Amino acid sequence: MDKEYTAKLNKICNLMTKRKWDYKDTSRASGVNLRTLESILNGDRILEPKQLDQMYEIIRDSKKSNLLKFEKPIVMTFYAYKGGIGKSSLAYNLAYSLAQMGYKILVIDADGQADTSSMLYSKFLSLGNKNLFEAMYHSHDLVKGGYVFSTDYDNLDVVVANMKMELMEATVALKTEPQRKQILELCFKTIIEENYYDMVIIDRDKNAGLVSGLFLEKTDFIIMPVLSQMLSVKSAPNTRSFIEACKERNSKLQILGMVWNLVDKRKNPRNTSAKDFYDGFDNLLFNTIIPVSADFESSQDYMMPLGVYKSNGEANKKIQEFTIEVLERIEKSLKERGDGLLV
């Protein structure tokens with residue numbers, strides 16, 4: 001690396017210092033990939049001098065992003081003690097919507113049905129042992145162990161699942177309490193330390209056992225999808241009871257909200273036979289109601305998020321509204337706690 005090249009690097013670093021931008025601020029503002037930016041400025045990747053000049057000009061002409069910035073990745077889990085409620089479709093569509101806004105998102109599919117894996121990484125069955133079960137079984141670091149895969153969508157990565165996740169409950173049950181605690185500590189180690197991702201979104205199945213408990217111990221916020229049918233809504237108290245039990249090991253665990261999902265537009269979910277069951281949950285309900293729509297099914301036929309299949313459709317507009325609400329609630333909660341949010 002000659003003096004001229006070093007001077008060009010220093011020119012970029014000085015600009016960042018003057019603006020009080022770190023790597024993440026600079027990446028968000030300029031659109032330069034965060035890891036690429038780090039490798040260039042650390043001297044691990046060498047560009048042509050002309051490319052370095054272009055990079056300086058891009059950063060110079062950029063304006064700071066207004067995205068929320070966190071002290072560490074926010075871990076958000078989609079969970080409910082009820083299956084068949086569209087939990088996975090909400091998880092990956094929210095993830096895609098956040099990624100489109102510019103947030104760096106890692107989705108962890110912790111459901112043996114692997115629906116989220118199918119939608120975000122259709123080749124997941126060809127990955128051999130590079131899935132969540134193997135990572136947890138061997139207590140491997142998800143990043144350093146090569147379990148994280150880039151999707152076809154900017155800012156969106158995934159850790160895939162497969163049917164073996166159904167065996168994880170028995171596997172965890174055979175371990176001692178200290179061994180159980182170490183599983184996700186080791187899996188998440190680089191994710192937390194590196195602070196590359198803004199959010200980690202976990203799609204967890206309906207199980208209320210040891211494995212779900214482990215994930216909720218790593219979770220900041222829970223989103224509970226619910227259908228308007230009575231058999232779905234009546235599971236909410238059981239879901240909340242399990243979450244409250246998990247708070248004994250994770251005092252920061254919080255239900256971010258409960259969202260009506262796949263609702264017939266002709267009906268008001270509050271006027272169904274289930275209305276007596278949501279007493280005490282009113283303050284948790286998101287304002288956005290996700291409608292039942294053929295777009296959800298059609299987007300799944302093409303194995304793509306709703307925002308890719310029909311970005312201007314009514315269903316995707318509701319996902320975008322939901323995304324804004326999620327961000328507003330996260331910001332409000334972190335401000336009330338007085339930690340976790342950077343200016």
# chains A, B, ... in the order shown; residues from 1 in each chain; ligands from 1

$ select_by_dssp --residues "region 70-286 of chain A" --states "strand (DSSP E or B)" --output "PDB file with N, CA and C atoms, in the first residue's frame"
ATOM      1  N   PHE A  70     -29.060   0.925  16.911  1.00  0.00           N
ATOM      2  CA  PHE A  70     -29.116   0.214  18.177  1.00  0.00           C
ATOM      3  C   PHE A  70     -27.723  -0.101  18.711  1.00  0.00           C
ATOM      4  N   ILE A  74     -31.200  -5.950  17.732  1.00  0.00           N
ATOM      5  CA  ILE A  74     -32.488  -6.208  18.382  1.00  0.00           C
ATOM      6  C   ILE A  74     -32.955  -7.599  17.956  1.00  0.00           C
ATOM      7  N   VAL A  75     -33.255  -8.436  18.937  1.00  0.00           N
ATOM      8  CA  VAL A  75     -33.730  -9.794  18.644  1.00  0.00           C
ATOM      9  C   VAL A  75     -35.247  -9.819  18.823  1.00  0.00           C
ATOM     10  N   MET A  76     -35.937 -10.129  17.761  1.00  0.00           N
ATOM     11  CA  MET A  76     -37.394 -10.110  17.743  1.00  0.00           C
ATOM     12  C   MET A  76     -37.899 -11.490  17.320  1.00  0.00           C
ATOM     13  N   THR A  77     -38.753 -12.080  18.138  1.00  0.00           N
ATOM     14  CA  THR A  77     -39.231 -13.439  17.878  1.00  0.00           C
ATOM     15  C   THR A  77     -40.727 -13.439  17.590  1.00  0.00           C
ATOM     16  N   PHE A  78     -41.108 -14.100  16.513  1.00  0.00           N
ATOM     17  CA  PHE A  78     -42.520 -14.350  16.232  1.00  0.00           C
ATOM     18  C   PHE A  78     -42.881 -15.651  16.924  1.00  0.00           C
ATOM     19  N   ILE A 105     -30.775  -7.167   8.240  1.00  0.00           N
ATOM     20  CA  ILE A 105     -31.642  -8.135   8.913  1.00  0.00           C
ATOM     21  C   ILE A 105     -31.096  -9.552   8.764  1.00  0.00           C
ATOM     22  N   LEU A 106     -31.077 -10.272   9.873  1.00  0.00           N
ATOM     23  CA  LEU A 106     -30.799 -11.707   9.857  1.00  0.00           C
ATOM     24  C   LEU A 106     -32.058 -12.430  10.316  1.00  0.00           C
ATOM     25  N   VAL A 107     -32.558 -13.334   9.483  1.00  0.00           N
ATOM     26  CA  VAL A 107     -33.714 -14.155   9.851  1.00  0.00           C
ATOM     27  C   VAL A 107     -33.212 -15.533  10.260  1.00  0.00           C
ATOM     28  N   ILE A 108     -33.648 -15.995  11.424  1.00  0.00           N
ATOM     29  CA  ILE A 108     -33.314 -17.334  11.896  1.00  0.00           C
ATOM     30  C   ILE A 108     -34.586 -18.172  11.892  1.00  0.00           C
ATOM     31  N   ASP A 109     -34.616 -19.165  11.048  1.00  0.00           N
ATOM     32  CA  ASP A 109     -35.774 -20.045  10.966  1.00  0.00           C
ATOM     33  C   ASP A 109     -35.623 -21.139  12.018  1.00  0.00           C
ATOM     34  N   ALA A 110     -36.431 -21.058  13.055  1.00  0.00           N
ATOM     35  CA  ALA A 110     -36.366 -22.018  14.156  1.00  0.00           C
ATOM     36  C   ALA A 110     -37.602 -22.907  14.187  1.00  0.00           C
ATOM     37  N   PHE A 149     -26.526 -17.383   5.424  1.00  0.00           N
ATOM     38  CA  PHE A 149     -26.516 -17.319   3.961  1.00  0.00           C
ATOM     39  C   PHE A 149     -27.174 -16.030   3.482  1.00  0.00           C
ATOM     40  N   SER A 150     -26.577 -15.441   2.466  1.00  0.00           N
ATOM     41  CA  SER A 150     -27.152 -14.243   1.855  1.00  0.00           C
ATOM     42  C   SER A 150     -28.320 -14.649   0.966  1.00  0.00           C
ATOM     43  N   LEU A 156     -30.560  -8.683   3.598  1.00  0.00           N
ATOM     44  CA  LEU A 156     -31.345  -9.759   4.203  1.00  0.00           C
ATOM     45  C   LEU A 156     -30.606 -11.097   4.110  1.00  0.00           C
ATOM     46  N   ASP A 157     -30.213 -11.625   5.280  1.00  0.00           N
ATOM     47  CA  ASP A 157     -29.545 -12.920   5.378  1.00  0.00           C
ATOM     48  C   ASP A 157     -30.414 -13.892   6.170  1.00  0.00           C
ATOM     49  N   VAL A 158     -30.086 -15.179   6.084  1.00  0.00           N
ATOM     50  CA  VAL A 158     -30.935 -16.186   6.721  1.00  0.00           C
ATOM     51  C   VAL A 158     -30.113 -17.348   7.259  1.00  0.00           C
ATOM     52  N   VAL A 159     -30.578 -17.902   8.372  1.00  0.00           N
ATOM     53  CA  VAL A 159     -30.125 -19.199   8.881  1.00  0.00           C
ATOM     54  C   VAL A 159     -31.303 -20.144   8.683  1.00  0.00           C
ATOM     55  N   MET A 199     -31.197  -6.016  13.245  1.00  0.00           N
ATOM     56  CA  MET A 199     -32.211  -6.854  13.892  1.00  0.00           C
ATOM     57  C   MET A 199     -32.032  -8.308  13.501  1.00  0.00           C
ATOM     58  N   VAL A 200     -32.340  -9.171  14.449  1.00  0.00           N
ATOM     59  CA  VAL A 200     -32.420 -10.612  14.209  1.00  0.00           C
ATOM     60  C   VAL A 200     -33.875 -11.006  14.416  1.00  0.00           C
ATOM     61  N   ILE A 201     -34.477 -11.585  13.397  1.00  0.00           N
ATOM     62  CA  ILE A 201     -35.881 -11.995  13.476  1.00  0.00           C
ATOM     63  C   ILE A 201     -35.943 -13.517  13.516  1.00  0.00           C
ATOM     64  N   ILE A 202     -36.517 -14.043  14.590  1.00  0.00           N
ATOM     65  CA  ILE A 202     -36.611 -15.491  14.782  1.00  0.00           C
ATOM     66  C   ILE A 202     -38.042 -15.942  14.516  1.00  0.00           C
ATOM     67  N   ASP A 203     -38.175 -16.927  13.659  1.00  0.00           N
ATOM     68  CA  ASP A 203     -39.472 -17.548  13.381  1.00  0.00           C
ATOM     69  C   ASP A 203     -39.511 -18.853  14.165  1.00  0.00           C
ATOM     70  N   ARG A 204     -40.226 -18.842  15.286  1.00  0.00           N
ATOM     71  CA  ARG A 204     -40.259 -19.999  16.182  1.00  0.00           C
ATOM     72  C   ARG A 204     -41.600 -20.716  16.083  1.00  0.00           C
ATOM     73  N   PHE A 221     -37.929  -8.612  21.979  1.00  0.00           N
ATOM     74  CA  PHE A 221     -39.352  -8.348  21.743  1.00  0.00           C
ATOM     75  C   PHE A 221     -40.026  -9.541  21.074  1.00  0.00           C
ATOM     76  N   ILE A 222     -41.264  -9.787  21.492  1.00  0.00           N
ATOM     77  CA  ILE A 222     -42.073 -10.856  20.904  1.00  0.00           C
ATOM     78  C   ILE A 222     -43.257 -10.243  20.167  1.00  0.00           C
ATOM     79  N   ILE A 223     -43.522 -10.764  18.978  1.00  0.00           N
ATOM     80  CA  ILE A 223     -44.738 -10.411  18.253  1.00  0.00           C
ATOM     81  C   ILE A 223     -45.620 -11.650  18.200  1.00  0.00           C
ATOM     82  N   MET A 224     -46.868 -11.500  18.626  1.00  0.00           N
ATOM     83  CA  MET A 224     -47.825 -12.605  18.683  1.00  0.00           C
ATOM     84  C   MET A 224     -48.877 -12.445  17.584  1.00  0.00           C
ATOM     85  N   PRO A 225     -48.792 -13.208  16.504  1.00  0.00           N
ATOM     86  CA  PRO A 225     -49.873 -13.186  15.508  1.00  0.00           C
ATOM     87  C   PRO A 225     -51.085 -13.939  16.066  1.00  0.00           C
ATOM     88  N   VAL A 226     -52.259 -13.518  15.662  1.00  0.00           N
ATOM     89  CA  VAL A 226     -53.470 -14.195  16.112  1.00  0.00           C
ATOM     90  C   VAL A 226     -54.546 -14.064  15.039  1.00  0.00           C
ATOM     91  N   GLN A 254     -40.052  -8.655  26.338  1.00  0.00           N
ATOM     92  CA  GLN A 254     -41.276  -7.855  26.284  1.00  0.00           C
ATOM     93  C   GLN A 254     -42.129  -8.268  25.090  1.00  0.00           C
ATOM     94  N   ILE A 255     -43.434  -8.320  25.291  1.00  0.00           N
ATOM     95  CA  ILE A 255     -44.350  -8.524  24.169  1.00  0.00           C
ATOM     96  C   ILE A 255     -44.506  -7.187  23.457  1.00  0.00           C
ATOM     97  N   LEU A 256     -43.994  -7.107  22.242  1.00  0.00           N
ATOM     98  CA  LEU A 256     -44.095  -5.858  21.495  1.00  0.00           C
ATOM     99  C   LEU A 256     -45.530  -5.615  21.062  1.00  0.00           C
ATOM    100  N   GLY A 257     -46.236  -6.701  20.755  1.00  0.00           N
ATOM    101  CA  GLY A 257     -47.625  -6.528  20.364  1.00  0.00           C
ATOM    102  C   GLY A 257     -48.236  -7.796  19.813  1.00  0.00           C
ATOM    103  N   MET A 258     -49.536  -7.716  19.658  1.00  0.00           N
ATOM    104  CA  MET A 258     -50.336  -8.823  19.145  1.00  0.00           C
ATOM    105  C   MET A 258     -51.021  -8.314  17.875  1.00  0.00           C
ATOM    106  N   VAL A 259     -50.898  -9.059  16.777  1.00  0.00           N
ATOM    107  CA  VAL A 259     -51.396  -8.550  15.500  1.00  0.00           C
ATOM    108  C   VAL A 259     -52.459  -9.485  14.935  1.00  0.00           C
ATOM    109  N   TRP A 260     -53.613  -8.898  14.578  1.00  0.00           N
ATOM    110  CA  TRP A 260     -54.639  -9.662  13.878  1.00  0.00           C
ATOM    111  C   TRP A 260     -54.107 -10.008  12.498  1.00  0.00           C
ATOM    112  N   VAL A 263     -57.191 -11.609   8.273  1.00  0.00           N
ATOM    113  CA  VAL A 263     -58.564 -11.266   8.655  1.00  0.00           C
ATOM    114  C   VAL A 263     -59.410 -10.997   7.419  1.00  0.00           C
ATOM    115  N   LEU A 285     -52.593  -4.843  21.130  1.00  0.00           N
ATOM    116  CA  LEU A 285     -52.962  -4.994  19.724  1.00  0.00           C
ATOM    117  C   LEU A 285     -52.362  -3.894  18.848  1.00  0.00           C
TER     118      LEU A 285
END

$ closest_atom_pairs --of "region 38-85 of chain A" --to "region 237-243 of chain A" --cutoff "9 Å" --atoms "only C-alpha atoms" --output "JSON lines"
{"residue": "A:Tyr79", "atom": "CA", "partner": "A:Thr239", "partner_atom": "CA", "distance": 8.1}
{"residue": "A:Ala80", "atom": "CA", "partner": "A:Thr239", "partner_atom": "CA", "distance": 5.6}
{"residue": "A:Tyr81", "atom": "CA", "partner": "A:Thr239", "partner_atom": "CA", "distance": 5.1}
{"residue": "A:Lys82", "atom": "CA", "partner": "A:Thr239", "partner_atom": "CA", "distance": 8.3}

$ write_last_selection --atoms "C-alpha atoms" --output "PDB file, in the first residue's frame"
ATOM      1  CA  TYR A  79     -44.117 -16.750  18.670  1.00  0.00           C
ATOM      2  CA  ALA A  80     -47.543 -17.997  19.725  1.00  0.00           C
ATOM      3  CA  TYR A  81     -48.777 -21.170  21.362  1.00  0.00           C
ATOM      4  CA  LYS A  82     -50.856 -21.959  18.288  1.00  0.00           C
TER       5      LYS A  82
END

$ closest_residue --among "A:Gln320, A:Ser122, A:Asn42, A:Ser298" --to "Tyr23 (chain A)" --atoms "only C-alpha atoms"
A:Asn42

$ atom_distance --atom1 "CA of Glu314 (chain A)" --atom2 "CA of Tyr153 (chain A)"
21.4 Å

$ residues_around --residues "Leu125 (chain A)" --least-positions-apart "4" --cutoff "10 Å" --atoms "only C-alpha atoms" --output "list of chain:residue names"
A:Ala114, A:Ser117, A:Ser118, A:Tyr121, A:Asn129, A:Lys130, A:Asn131, A:Val160, A:Ala161, A:Asn162

$ closest_residue --among "A:Glu217, A:Gln100, A:Ile46, A:Ile319" --to "Thr6 (chain A)" --atoms "only C-alpha atoms"
A:Ile46

$ atom_distance --atom1 "CA of Lys310 (chain A)" --atom2 "CA of Ser293 (chain A)"
11.7 Å

$ select_by_dssp --residues "region 180-234 of chain A" --states "alpha helix (DSSP H)" --output "JSON, numbers by chain"
{"A": [180, 181, 182, 183, 184, 185, 186, 187, 189, 190, 191, 192, 193, 194, 210, 211, 212, 213, 214, 215, 216, 217, 230, 231, 232, 233]}

$ residues_around --residues "Leu37 (chain A)" --least-positions-apart "5" --cutoff "10 Å" --atoms "only C-alpha atoms" --output "count of residues only"
10
